[in-house]
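Everything below belongs to target_9.cif, which stores mmCIF, C-alpha atoms.
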data_start
loop_
_atom_site.label_atom_id
_atom_site.label_comp_id
_atom_site.auth_asym_id
_atom_site.auth_seq_id
_atom_site.Cartn_x
_atom_site.Cartn_y
_atom_site.Cartn_z
CA MET A 1011 -39.17 43.48 -1.12
CA ASP A 1012 -35.99 45.35 -0.17
CA MET A 1013 -33.11 42.96 0.41
CA THR A 1014 -32.07 44.80 3.59
CA GLN A 1015 -35.49 43.92 5.06
CA ILE A 1016 -35.08 40.27 4.18
CA LEU A 1017 -31.48 39.94 5.27
CA GLY A 1018 -31.42 42.44 8.12
CA ASN A 1019 -28.84 45.23 8.25
CA ALA A 1020 -26.11 43.24 9.97
CA ILE A 1021 -26.19 40.31 7.54
CA TRP A 1022 -26.53 42.72 4.61
CA ASN A 1023 -23.30 44.41 5.77
CA VAL A 1024 -21.50 41.10 6.16
CA LEU A 1025 -22.49 39.97 2.66
CA GLU A 1026 -21.61 43.38 1.25
CA TYR A 1027 -18.01 43.25 2.45
CA LEU A 1028 -17.25 39.52 2.21
CA PRO A 1029 -14.13 38.77 0.12
CA VAL A 1030 -16.28 36.60 -2.17
CA GLY A 1031 -18.76 37.63 -4.83
CA VAL A 1032 -22.38 37.52 -3.66
CA CYS A 1033 -25.43 38.02 -5.85
CA ILE A 1034 -29.09 37.38 -4.97
CA THR A 1035 -31.80 36.97 -7.58
CA ASP A 1036 -35.44 35.95 -7.62
CA SER A 1037 -36.77 33.14 -9.77
CA ASP A 1038 -36.90 35.48 -12.79
CA TYR A 1039 -33.20 36.14 -12.27
CA SER A 1040 -33.92 39.75 -11.42
CA VAL A 1041 -30.98 40.94 -9.31
CA HIS A 1042 -31.79 42.05 -5.75
CA PHE A 1043 -28.31 42.12 -4.26
CA TRP A 1044 -24.88 42.67 -5.79
CA ASN A 1045 -21.97 43.08 -3.41
CA SER A 1046 -18.83 45.19 -3.72
CA CYS A 1047 -16.64 42.16 -4.52
CA MET A 1048 -18.87 41.39 -7.53
CA GLU A 1049 -18.60 45.05 -8.57
CA GLN A 1050 -14.85 44.90 -8.40
CA TRP A 1051 -14.48 41.59 -10.23
CA THR A 1052 -17.01 42.14 -13.01
CA GLY A 1053 -16.72 45.91 -13.36
CA LYS A 1054 -20.53 46.12 -13.16
CA LYS A 1055 -21.84 48.57 -10.60
CA ARG A 1056 -24.69 47.77 -8.23
CA ASP A 1057 -26.96 50.43 -9.76
CA GLU A 1058 -26.41 48.88 -13.16
CA MET A 1059 -27.36 45.42 -11.85
CA ILE A 1060 -30.22 45.81 -9.37
CA GLY A 1061 -33.58 45.08 -10.93
CA THR A 1062 -32.13 43.76 -14.19
CA ASP A 1063 -32.05 40.19 -15.49
CA LEU A 1064 -28.78 38.50 -14.49
CA ARG A 1065 -28.86 36.41 -17.66
CA GLY A 1066 -28.71 39.57 -19.76
CA HIS A 1067 -25.33 40.38 -18.21
CA PHE A 1068 -23.86 36.90 -17.94
CA SER A 1069 -24.94 34.68 -20.81
CA ARG A 1070 -23.43 31.49 -19.37
CA ILE A 1071 -26.28 31.29 -16.86
CA ASN A 1072 -28.63 30.71 -19.79
CA LYS A 1073 -26.88 27.48 -20.76
CA THR A 1074 -28.65 24.19 -20.13
CA PRO A 1075 -26.34 22.66 -17.49
CA PHE A 1076 -26.79 25.77 -15.33
CA GLN A 1077 -30.48 26.35 -15.99
CA ASP A 1078 -31.60 22.82 -15.16
CA ARG A 1079 -29.80 22.77 -11.86
CA LEU A 1080 -30.61 26.34 -10.89
CA LYS A 1081 -34.35 25.79 -11.38
CA SER A 1082 -34.43 23.48 -8.35
CA ILE A 1083 -33.03 26.23 -6.10
CA PHE A 1084 -36.27 28.20 -6.46
CA THR A 1085 -38.19 25.25 -5.01
CA GLY A 1086 -35.96 25.01 -1.95
CA SER A 1087 -33.87 22.06 -3.10
CA PRO A 1088 -30.33 21.48 -1.77
CA PRO A 1089 -27.64 24.03 -2.70
CA VAL A 1090 -25.90 23.61 -6.04
CA VAL A 1091 -22.15 23.73 -6.64
CA PHE A 1092 -20.48 24.69 -9.92
CA SER A 1093 -16.80 23.74 -9.81
CA SER A 1094 -14.12 25.59 -11.74
CA GLN A 1095 -12.89 22.36 -13.35
CA PHE A 1096 -16.20 21.75 -15.15
CA HIS A 1097 -17.35 25.32 -15.73
CA THR A 1098 -14.22 27.52 -15.43
CA TYR A 1099 -16.42 30.53 -14.63
CA ILE A 1100 -20.03 31.73 -14.55
CA PHE A 1101 -19.58 35.47 -14.11
CA ASP A 1102 -17.37 37.19 -16.68
CA ALA A 1103 -14.72 38.71 -14.41
CA PRO A 1104 -11.66 39.62 -16.45
CA LEU A 1105 -8.18 39.86 -15.00
CA ALA A 1106 -5.58 42.43 -16.09
CA ASP A 1107 -4.24 40.06 -18.78
CA GLY A 1108 -7.72 39.62 -20.29
CA SER A 1109 -8.24 36.06 -19.03
CA MET A 1110 -11.24 35.28 -16.85
CA ARG A 1111 -11.11 34.57 -13.16
CA ARG A 1112 -11.70 30.90 -12.48
CA GLN A 1113 -14.61 30.55 -10.13
CA GLN A 1114 -16.22 28.07 -7.86
CA THR A 1115 -19.82 29.05 -7.29
CA THR A 1116 -22.28 27.77 -4.71
CA VAL A 1117 -25.92 28.67 -5.14
CA LEU A 1118 -28.10 28.50 -2.04
CA PRO A 1119 -31.87 28.80 -1.70
CA LEU A 1120 -32.84 31.80 0.40
CA GLU A 1121 -36.39 31.57 1.71
CA HIS A 1122 -38.76 34.53 1.64
CA GLN A 1123 -42.53 34.91 1.93
CA ALA A 1124 -43.32 34.13 -1.67
CA GLY A 1125 -40.83 31.36 -2.26
CA TYR A 1126 -37.10 31.24 -2.67
CA TYR A 1127 -34.37 33.56 -3.91
CA ALA A 1128 -31.10 32.18 -5.22
CA MET A 1129 -27.95 33.39 -3.51
CA PHE A 1130 -24.84 32.99 -5.70
CA VAL A 1131 -21.63 32.84 -3.67
CA CYS A 1132 -18.67 33.02 -5.97
CA GLU A 1133 -15.07 32.27 -4.99
CA ASP A 1134 -12.08 33.27 -7.10
CA VAL A 1135 -9.92 30.15 -7.42
CA THR A 1136 -7.61 31.47 -10.16
CA ASN A 1137 -4.48 31.59 -8.01
CA LEU A 1138 -5.30 28.34 -6.26
CA THR A 1139 -5.79 26.62 -9.63
CA SER A 1140 -2.50 28.01 -10.99
CA GLU A 1141 -0.66 26.86 -7.90
CA ILE A 1142 -2.18 23.40 -8.02
CA GLN A 1143 -1.38 23.10 -11.72
CA ALA A 1144 2.21 24.23 -11.05
CA CYS A 1145 2.36 21.75 -8.20
CA ARG A 1146 1.06 18.97 -10.46
CA GLU A 1147 3.69 19.85 -13.10
CA MET A 1148 6.41 19.87 -10.45
CA LYS A 1149 5.18 16.52 -9.18
CA ASN A 1150 5.15 15.07 -12.70
CA THR A 1151 8.65 16.42 -13.40
CA ALA A 1152 9.89 15.04 -10.10
CA LEU A 1153 8.34 11.66 -10.88
CA LEU A 1154 9.94 11.58 -14.33
CA GLU A 1155 13.32 12.53 -12.83
CA LEU A 1156 12.93 9.89 -10.17
CA GLU A 1157 12.21 7.29 -12.82
CA ALA A 1158 15.27 8.38 -14.87
CA ARG A 1159 17.39 8.28 -11.73
CA LYS A 1160 16.16 4.81 -10.85
CA LYS A 1161 17.08 3.63 -14.34
CA ALA A 1162 20.55 5.23 -14.09
CA GLU A 1163 21.09 3.70 -10.66
CA TYR A 1164 20.10 0.29 -12.00
CA GLY A 1165 22.50 0.73 -14.93
CA LEU A 1166 25.27 1.70 -12.52
CA LEU A 1167 24.48 -1.27 -10.33
CA VAL A 1168 24.74 -3.64 -13.30
CA ALA A 1169 28.00 -1.98 -14.39
CA ASN A 1170 29.41 -2.18 -10.88
CA GLU A 1171 28.50 -5.83 -10.73
CA ASP A 1172 30.50 -6.33 -13.98
CA VAL A 1173 33.50 -4.50 -12.54
CA LEU A 1174 33.29 -6.42 -9.27
CA ALA A 1175 33.08 -9.67 -11.20
CA TYR A 1176 36.14 -8.55 -13.19
CA ILE A 1177 38.03 -7.70 -9.99
CA ALA A 1178 37.19 -11.07 -8.46
CA GLU A 1179 38.21 -12.88 -11.62
CA ALA A 1180 41.37 -10.77 -12.05
CA THR A 1181 42.42 -11.45 -8.47
CA VAL A 1182 42.20 -15.17 -9.08
CA ARG A 1183 43.97 -14.82 -12.43
CA LEU A 1184 46.80 -12.71 -10.95
CA LYS A 1185 47.32 -15.04 -8.04
CA THR A 1186 48.29 -17.90 -10.36
CA PRO A 1187 51.23 -16.24 -12.22
CA VAL A 1188 52.49 -14.53 -9.03
CA SER A 1189 52.50 -17.88 -7.21
CA MET A 1190 54.25 -19.41 -10.21
CA ILE A 1191 56.96 -16.70 -10.17
CA GLU A 1192 57.39 -17.18 -6.42
CA GLY A 1193 57.75 -20.95 -6.83
CA ILE A 1194 60.26 -20.68 -9.66
CA LEU A 1195 62.38 -18.05 -7.82
CA ARG A 1196 62.46 -20.26 -4.69
CA GLU A 1197 63.54 -23.21 -6.85
CA MET A 1198 66.26 -21.10 -8.50
CA LEU A 1199 67.47 -19.90 -5.08
CA SER A 1200 67.57 -23.46 -3.82
CA GLU A 1201 69.57 -24.58 -6.89
CA ALA A 1202 71.95 -21.59 -6.54
CA GLU A 1203 72.53 -22.50 -2.87
CA LYS A 1204 73.36 -26.05 -3.90
CA GLY A 1205 75.74 -24.63 -6.54
CA ASP A 1206 74.32 -26.66 -9.41
CA CYS A 1207 72.76 -23.88 -11.47
CA ASN A 1208 73.18 -23.39 -15.18
CA PRO A 1209 73.48 -19.60 -15.88
CA GLU A 1210 72.04 -19.90 -19.43
CA GLU A 1211 69.07 -21.92 -18.24
CA MET A 1212 68.51 -19.44 -15.36
CA LYS A 1213 68.63 -16.50 -17.78
CA ALA A 1214 65.97 -18.14 -19.98
CA ILE A 1215 63.74 -18.82 -16.96
CA ILE A 1216 64.16 -15.24 -15.67
CA LYS A 1217 63.22 -13.84 -19.14
CA VAL A 1218 60.00 -15.83 -19.15
CA GLN A 1219 59.19 -14.75 -15.58
CA ILE A 1220 59.83 -11.07 -16.52
CA GLN A 1221 57.16 -11.44 -19.23
CA VAL A 1222 54.77 -13.05 -16.78
CA ALA A 1223 55.46 -10.28 -14.23
CA ALA A 1224 54.90 -7.60 -16.94
CA SER A 1225 51.55 -9.17 -17.75
CA VAL A 1226 50.67 -9.14 -14.05
CA VAL A 1227 51.67 -5.47 -13.80
CA GLU A 1228 49.49 -4.64 -16.85
CA ASN A 1229 46.53 -6.43 -15.31
CA LEU A 1230 47.09 -4.61 -12.00
CA ARG A 1231 47.24 -1.26 -13.83
CA GLU A 1232 43.90 -1.93 -15.53
CA LEU A 1233 42.42 -3.10 -12.25
CA ASN A 1234 43.66 0.08 -10.57
CA ASP A 1235 42.16 2.21 -13.37
CA ALA A 1236 38.84 0.40 -13.05
CA ILE A 1237 38.71 1.11 -9.30
CA VAL A 1238 40.03 4.69 -9.37
CA THR A 1239 37.89 5.92 -12.26
CA GLY A 1240 34.77 4.00 -11.22
CA MET A 1241 34.84 2.44 -14.67
CA THR A 1242 31.46 1.20 -15.81
CA GLU A 1243 32.78 -0.85 -18.69
CA ILE A 1244 34.65 -4.11 -18.48
CA PRO A 1245 38.39 -3.43 -18.92
CA ALA A 1246 40.01 -4.76 -22.09
CA ALA A 1247 42.30 -7.08 -20.15
CA TYR A 1248 39.31 -8.76 -18.56
CA ARG A 1249 37.56 -9.01 -21.89
CA SER A 1250 40.60 -10.65 -23.49
CA MET A 1251 40.95 -12.87 -20.44
CA ASN A 1252 37.32 -13.94 -20.86
CA GLN A 1253 37.86 -14.56 -24.55
CA GLN A 1254 40.82 -16.73 -23.72
CA MET B 1003 -32.28 -5.66 5.90
CA LEU B 1004 -34.46 -4.27 8.66
CA GLU B 1005 -37.52 -6.26 9.61
CA GLU B 1006 -39.47 -3.06 10.40
CA ILE B 1007 -39.56 -2.05 6.77
CA PRO B 1008 -41.96 -4.15 4.71
CA GLU B 1009 -41.05 -5.22 1.20
CA TYR B 1010 -43.41 -2.68 -0.39
CA GLY B 1011 -41.62 0.01 1.64
CA MET B 1012 -38.32 -1.12 0.18
CA ASP B 1013 -39.90 -1.07 -3.31
CA ILE B 1014 -40.97 2.55 -2.77
CA LEU B 1015 -37.50 3.45 -1.59
CA ARG B 1016 -35.87 1.75 -4.59
CA GLU B 1017 -38.24 3.55 -6.93
CA LEU B 1018 -37.47 6.96 -5.40
CA ILE B 1019 -33.76 6.25 -5.57
CA ASN B 1020 -33.94 5.03 -9.17
CA ILE B 1021 -35.74 8.20 -10.21
CA GLY B 1022 -33.05 10.26 -8.49
CA ILE B 1023 -30.22 8.23 -10.01
CA GLY B 1024 -31.78 8.55 -13.48
CA ARG B 1025 -31.77 12.33 -13.10
CA THR B 1026 -28.22 12.25 -11.80
CA ALA B 1027 -26.93 10.28 -14.80
CA GLY B 1028 -28.62 12.72 -17.18
CA THR B 1029 -27.07 15.74 -15.48
CA LEU B 1030 -23.61 14.18 -15.29
CA ASN B 1031 -23.69 13.26 -18.98
CA GLU B 1032 -24.72 16.79 -19.89
CA LEU B 1033 -21.99 18.26 -17.75
CA THR B 1034 -19.04 16.12 -18.77
CA ARG B 1035 -17.62 14.96 -22.06
CA ALA B 1036 -17.47 11.41 -20.76
CA ARG B 1037 -20.39 9.02 -21.13
CA ILE B 1038 -21.38 8.04 -17.64
CA ILE B 1039 -23.60 5.10 -16.82
CA LEU B 1040 -24.91 4.78 -13.30
CA GLU B 1041 -26.08 1.45 -11.94
CA VAL B 1042 -27.76 0.83 -8.62
CA PRO B 1043 -27.58 -2.90 -8.05
CA VAL B 1044 -28.42 -2.92 -4.34
CA VAL B 1045 -30.45 -0.73 -1.97
CA GLU B 1046 -30.37 -1.71 1.69
CA VAL B 1047 -31.51 -0.28 5.00
CA ILE B 1048 -29.44 -1.08 8.08
CA ARG B 1049 -29.02 0.35 11.55
CA MET B 1050 -26.01 2.61 12.04
CA LYS B 1051 -24.56 0.21 14.62
CA GLU B 1052 -24.28 -2.41 11.84
CA LEU B 1053 -22.35 -0.09 9.54
CA GLY B 1054 -18.92 -1.29 10.72
CA SER B 1055 -19.52 -4.77 9.32
CA HIS B 1056 -21.05 -3.53 6.05
CA SER B 1057 -18.98 -3.24 2.86
CA ALA B 1058 -19.95 0.46 2.70
CA SER B 1059 -17.52 1.05 5.58
CA PHE B 1060 -14.62 0.04 3.27
CA ASP B 1061 -13.25 -2.09 6.14
CA GLY B 1062 -12.29 1.03 8.05
CA ALA B 1063 -10.08 2.39 5.24
CA LEU B 1064 -9.88 6.11 4.48
CA SER B 1065 -12.64 7.30 2.26
CA SER B 1066 -13.55 10.46 0.35
CA ALA B 1067 -17.06 11.75 0.84
CA VAL B 1068 -19.31 14.58 -0.22
CA ARG B 1069 -22.03 15.23 2.27
CA ILE B 1070 -25.13 17.34 2.71
CA ASN B 1071 -26.92 17.54 6.07
CA PHE B 1072 -30.58 18.38 6.27
CA ASP B 1073 -33.23 19.19 8.83
CA GLY B 1074 -36.83 20.31 8.90
CA PHE B 1075 -39.65 17.93 8.05
CA ILE B 1076 -37.07 15.15 7.91
CA SER B 1077 -33.54 15.32 9.30
CA GLY B 1078 -30.33 13.47 8.65
CA SER B 1079 -27.39 13.40 6.33
CA THR B 1080 -26.79 12.15 2.79
CA ALA B 1081 -23.33 11.40 1.42
CA LEU B 1082 -21.66 10.01 -1.67
CA ILE B 1083 -18.73 7.92 -0.50
CA PHE B 1084 -15.80 6.26 -2.28
CA ASP B 1085 -12.57 4.75 -1.10
CA LYS B 1086 -9.81 7.28 -1.82
CA ALA B 1087 -8.39 5.50 -4.85
CA GLY B 1088 -11.88 5.08 -6.31
CA ALA B 1089 -12.62 8.78 -5.88
CA ALA B 1090 -9.41 9.76 -7.68
CA ALA B 1091 -10.05 7.23 -10.47
CA LEU B 1092 -13.57 8.54 -11.00
CA ILE B 1093 -12.45 12.17 -11.21
CA TYR B 1094 -9.64 11.33 -13.65
CA ALA B 1095 -12.10 9.35 -15.80
CA ILE B 1096 -14.71 12.10 -15.81
CA THR B 1097 -12.29 14.94 -16.51
CA GLY B 1098 -10.31 12.89 -19.03
CA GLU B 1099 -7.05 13.58 -17.26
CA GLU B 1100 -4.37 10.95 -17.02
CA TYR B 1101 -4.79 8.78 -13.97
CA ASP B 1102 -1.53 8.80 -12.02
CA LYS B 1103 -2.82 6.97 -8.95
CA HIS B 1104 -2.03 9.84 -6.65
CA ASP B 1105 -3.99 11.49 -3.91
CA MET B 1106 -6.81 13.92 -4.39
CA ASP B 1107 -5.71 17.54 -4.63
CA VAL B 1108 -7.95 20.51 -3.86
CA MET B 1109 -9.09 20.84 -7.47
CA MET B 1110 -10.13 17.20 -7.58
CA GLU B 1111 -11.92 17.59 -4.27
CA GLU B 1112 -13.92 20.48 -5.72
CA THR B 1113 -14.76 18.39 -8.78
CA LEU B 1114 -15.86 15.47 -6.61
CA LYS B 1115 -17.92 17.92 -4.60
CA GLU B 1116 -19.87 18.86 -7.72
CA VAL B 1117 -20.32 15.20 -8.74
CA GLY B 1118 -21.48 14.36 -5.21
CA ASN B 1119 -23.74 17.40 -5.19
CA ILE B 1120 -25.43 16.20 -8.38
CA CYS B 1121 -25.90 12.65 -7.03
CA ILE B 1122 -27.22 13.76 -3.65
CA ASN B 1123 -29.50 16.41 -5.18
CA GLY B 1124 -30.89 13.81 -7.58
CA ILE B 1125 -32.01 11.61 -4.70
CA MET B 1126 -32.96 14.35 -2.25
CA GLY B 1127 -34.81 16.14 -5.07
CA SER B 1128 -36.89 13.06 -5.80
CA ILE B 1129 -37.68 12.67 -2.07
CA GLY B 1130 -38.38 16.41 -1.73
CA ASN B 1131 -40.83 16.29 -4.64
CA ILE B 1132 -42.85 13.64 -2.85
CA LEU B 1133 -42.75 15.31 0.57
CA GLN B 1134 -43.50 18.89 -0.56
CA GLU B 1135 -42.39 20.08 2.86
CA ARG B 1136 -39.77 22.50 4.07
CA ILE B 1137 -36.33 20.94 4.41
CA ASN B 1138 -33.18 22.98 5.05
CA TYR B 1139 -29.94 21.77 3.53
CA THR B 1140 -26.31 22.64 4.23
CA PRO B 1141 -24.06 23.29 1.23
CA PRO B 1142 -22.16 20.15 0.16
CA ARG B 1143 -18.91 19.54 1.98
CA TYR B 1144 -15.95 17.37 0.99
CA GLU B 1145 -14.62 15.22 3.82
CA GLU B 1146 -12.05 12.49 4.32
CA GLY B 1147 -11.95 9.84 7.01
CA THR B 1148 -13.26 6.42 7.81
CA VAL B 1149 -16.96 6.05 7.03
CA HIS B 1150 -17.63 5.57 10.72
CA SER B 1151 -15.80 8.77 11.69
CA LEU B 1152 -17.55 10.77 8.94
CA PHE B 1153 -20.91 10.13 10.53
CA GLN B 1154 -19.72 10.14 14.11
CA ARG B 1155 -18.87 13.83 13.77
CA ASN B 1156 -22.58 14.47 13.38
CA ALA B 1157 -23.33 12.78 16.69
CA ILE B 1158 -25.57 10.37 14.86
CA ASP B 1159 -27.32 7.86 17.09
CA GLU B 1160 -26.37 4.25 16.52
CA GLN B 1161 -30.08 3.43 16.42
CA MET B 1162 -30.55 5.64 13.37
CA LEU B 1163 -31.02 4.05 10.00
CA ALA B 1164 -28.70 4.11 7.04
CA VAL B 1165 -30.18 3.74 3.58
CA ILE B 1166 -27.24 2.36 1.62
CA VAL B 1167 -27.30 2.61 -2.15
CA ASN B 1168 -24.49 0.70 -3.81
CA THR B 1169 -23.73 2.88 -6.82
CA ARG B 1170 -21.64 1.77 -9.78
CA PHE B 1171 -20.18 4.47 -12.03
CA LEU B 1172 -19.17 3.25 -15.48
CA VAL B 1173 -17.03 5.87 -17.21
CA SER B 1174 -14.66 5.46 -20.17
CA GLU B 1175 -14.28 1.71 -19.68
CA ILE B 1176 -13.56 2.00 -15.99
CA GLN B 1177 -15.86 1.00 -13.18
CA VAL B 1178 -15.87 2.69 -9.80
CA ASN B 1179 -17.97 1.48 -6.91
CA GLY B 1180 -19.28 3.94 -4.39
CA TYR B 1181 -22.12 4.30 -1.97
CA ILE B 1182 -24.79 6.88 -1.52
CA MET B 1183 -25.64 6.73 2.13
CA MET B 1184 -28.60 8.47 3.69
CA VAL B 1185 -28.57 8.43 7.47
CA LEU B 1186 -31.83 9.40 9.13
CA GLU B 1187 -34.15 8.66 12.01
CA ILE B 1188 -36.77 5.93 11.69
CA SER B 1189 -39.51 8.58 11.94
CA SER B 1190 -38.05 10.42 8.94
CA LEU B 1191 -38.00 7.27 6.85
CA GLU B 1192 -41.58 6.54 7.90
CA LYS B 1193 -42.63 10.02 6.76
CA ILE B 1194 -41.03 9.44 3.36
CA LEU B 1195 -42.74 6.07 2.92
CA THR B 1196 -46.12 7.29 4.18
CA ARG B 1197 -46.12 10.34 1.93
CA THR B 1198 -45.09 8.28 -1.07
CA ILE B 1199 -47.97 5.85 -0.47
CA GLU B 1200 -50.39 8.74 0.05
CA SER B 1201 -49.28 10.33 -3.21
CA GLY B 1202 -49.98 7.04 -4.99
CA GLY B 1203 -46.29 6.27 -5.54
#

Will you turn the file into structure tokens for me?
Amino acid sequence: MDMTQILGNAIWNVLEYLPVGVCITDSDYSVHFWNSCMEQWTGKKRDEMIGTDLRGHFSRINKTPFQDRLKSIFTGSPPVVFSSQFHTYIFDAPLADGSMRRQQTTVLPLEHQAGYYAMFVCEDVTNLTSEIQACREMKNTALLELEARKKAEYGLLVANEDVLAYIAEATVRLKTPVSMIEGILREMLSEAEKGDCNPEEMKAIIKVQIQVAASVVENLRELNDAIVTGMTEIPAAYRSMNQQ
Amino acid sequence: MLEEIPEYGMDILRELINIGIGRTAGTLNELTRARIILEVPVVEVIRMKELGSHSASFDGALSSAVRINFDGFISGSTALIFDKAGAAALIYAITGEEYDKHDMDVMMEETLKEVGNICINGIMGSIGNILQERINYTPPRYEEGTVHSLFQRNAIDEQMLAVIVNTRFLVSEIQVNGYIMMVLEISSLEKILTRTIESGG
């Protein structure tokens, strides 16, 4: 029977110009309908296809996973889906670079007087697949970067904690000598005011206090460096202080 | 379990489902590189109004489903349903890709659609073989939502029955629990049981 009689002119036209590949066969896989999209994708013209065995043109249809499931279509069973992830493609439809279009194909039973035809509706999911794969790669890269960043941030946090601990410790350590210098200078001033100071003894005390002050200045310099440069390592002065 | 369905009716139903599941496992093993074992520990029939309190509703969590509606000699809807994490885990296990615990993307949805299609066709095929009557089916569709909302969209009556098949997929040392749910009118279920008895099933 002519497919236009079965489908009706309007539906025939719709199927003919749909942006998906449509092919209709009987249970012997003899082709009754081959739309323009199929022509364009496969390079096989309608005249070449109509009345011939689909399996002779596209050998994948002969394979067991397809055959077993397709058989049920001719008894009016539910439609069958062939995803691109499991099958990649059914119809050889080469792209300009020689690779095959990835396809998702749905096969529907189409009732007629003597039984059922199979209508293959084939979608090209090549671009969609590429985009999803690119998206997956981007997601994986982003996740890896996020993980690396988290590690770096944790490392920085630990380092900052070290520096903060150093600053806290250094502040305490610096307070002691500065207080000592202050106390000694007040004592010296008090003795000078009373007029009972020994110049030699005062000189000796001042020398010692200059050394203490120099040490304080050195500690302050390292502390300043640690803050200004965002140092992530414990300054040497702190280390030596700890060792002491 | 519904009182209206006698034990022998449930036995018939279990038998039909087991035949369908056996076919499904065979097809899935042929299709994929993974060895897939399918177990059906429980088959139940409940009323749709009881679905909310059944474990097949995943406590109202989002689920991933592949569904085929049908009408004709019998009418209703059959779906393979997983919680979203389970669906993703199953697809990763079947395709051998690394499981990164992320959402389903369109490619995975298409893959699940084929897996669901095979499962549903296995069961509907075994029922169809018994009935030998005209039934029209929609192409399989992938849907997300709560189990309740998935079926509500079909304006399914709360008095309708749900045949719930707890289905366990064992793939590459992982186990994923899902449900095959067939929602249909009591009269449709009666037709299935009557025809099976008539055919000596």

Among listed residues B:Ala1067, B:Phe1072, B:Leu1018, B:Arg1025, nearest B:Ala1090 (using only C-alpha atoms): B:Ala1067

Hits from the PyMOL selection byres ((chain A) within 9 of (chain B)), listed as a PyMOL selection string: chain A and resi 1074-1075+1078-1079+1082+1086-1097+1114+1116-1119+1138-1139+1142

Please dump the current selection as an mmCIF file, in the frame of the given file; keep C-alpha atoms.
data_model
loop_
_atom_site.group_PDB
_atom_site.id
_atom_site.type_symbol
_atom_site.label_atom_id
_atom_site.label_comp_id
_atom_site.auth_asym_id
_atom_site.auth_seq_id
_atom_site.Cartn_x
_atom_site.Cartn_y
_atom_site.Cartn_z
ATOM 1 C CA THR A 1074 -28.650 24.190 -20.130
ATOM 2 C CA PRO A 1075 -26.340 22.660 -17.490
ATOM 3 C CA ASP A 1078 -31.600 22.820 -15.160
ATOM 4 C CA ARG A 1079 -29.800 22.770 -11.860
ATOM 5 C CA SER A 1082 -34.430 23.480 -8.350
ATOM 6 C CA GLY A 1086 -35.960 25.010 -1.950
ATOM 7 C CA SER A 1087 -33.870 22.060 -3.100
ATOM 8 C CA PRO A 1088 -30.330 21.480 -1.770
ATOM 9 C CA PRO A 1089 -27.640 24.030 -2.700
ATOM 10 C CA VAL A 1090 -25.900 23.610 -6.040
ATOM 11 C CA VAL A 1091 -22.150 23.730 -6.640
ATOM 12 C CA PHE A 1092 -20.480 24.690 -9.920
ATOM 13 C CA SER A 1093 -16.800 23.740 -9.810
ATOM 14 C CA SER A 1094 -14.120 25.590 -11.740
ATOM 15 C CA GLN A 1095 -12.890 22.360 -13.350
ATOM 16 C CA PHE A 1096 -16.200 21.750 -15.150
ATOM 17 C CA HIS A 1097 -17.350 25.320 -15.730
ATOM 18 C CA GLN A 1114 -16.220 28.070 -7.860
ATOM 19 C CA THR A 1116 -22.280 27.770 -4.710
ATOM 20 C CA VAL A 1117 -25.920 28.670 -5.140
ATOM 21 C CA LEU A 1118 -28.100 28.500 -2.040
ATOM 22 C CA PRO A 1119 -31.870 28.800 -1.700
ATOM 23 C CA LEU A 1138 -5.300 28.340 -6.260
ATOM 24 C CA THR A 1139 -5.790 26.620 -9.630
ATOM 25 C CA ILE A 1142 -2.180 23.400 -8.020
#

Neighbours of point (-23.9, 35.2, -18.0) within 12 Å, using only C-alpha atoms, written as an MDAnalysis selection string: chainID A and resid 1039 1052 1063:1073 1076:1077 1099:1103

Those selected residues, please, written with C-alpha atoms and delivered as a PDB file, in the coordinates of the input.
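Result saved to result39.pdb:
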ATOM      1  CA  TYR A1039     -33.200  36.140 -12.270  1.00  0.00           C
ATOM      2  CA  THR A1052     -17.010  42.140 -13.010  1.00  0.00           C
ATOM      3  CA  ASP A1063     -32.050  40.190 -15.490  1.00  0.00           C
ATOM      4  CA  LEU A1064     -28.780  38.500 -14.490  1.00  0.00           C
ATOM      5  CA  ARG A1065     -28.860  36.410 -17.660  1.00  0.00           C
ATOM      6  CA  GLY A1066     -28.710  39.570 -19.760  1.00  0.00           C
ATOM      7  CA  HIS A1067     -25.330  40.380 -18.210  1.00  0.00           C
ATOM      8  CA  PHE A1068     -23.860  36.900 -17.940  1.00  0.00           C
ATOM      9  CA  SER A1069     -24.940  34.680 -20.810  1.00  0.00           C
ATOM     10  CA  ARG A1070     -23.430  31.490 -19.370  1.00  0.00           C
ATOM     11  CA  ILE A1071     -26.280  31.290 -16.860  1.00  0.00           C
ATOM     12  CA  ASN A1072     -28.630  30.710 -19.790  1.00  0.00           C
ATOM     13  CA  LYS A1073     -26.880  27.480 -20.760  1.00  0.00           C
ATOM     14  CA  PHE A1076     -26.790  25.770 -15.330  1.00  0.00           C
ATOM     15  CA  GLN A1077     -30.480  26.350 -15.990  1.00  0.00           C
ATOM     16  CA  TYR A1099     -16.420  30.530 -14.630  1.00  0.00           C
ATOM     17  CA  ILE A1100     -20.030  31.730 -14.550  1.00  0.00           C
ATOM     18  CA  PHE A1101     -19.580  35.470 -14.110  1.00  0.00           C
ATOM     19  CA  ASP A1102     -17.370  37.190 -16.680  1.00  0.00           C
ATOM     20  CA  ALA A1103     -14.720  38.710 -14.410  1.00  0.00           C
TER      21      ALA A1103
END

Residue among B:Ser1174, B:Ser1201, B:Ser1190, B:Asn1179 lying closest to B:Lys1086, counting all atoms listed in the file: B:Asn1179

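Of the residues under consideration (B:Glu1099, B:Asp1159, B:Glu1017, B:Asp1061), B:Glu1017 shows the shortest atom-to-atom contact distance to B:Val1042 when counting all atoms listed in the file.
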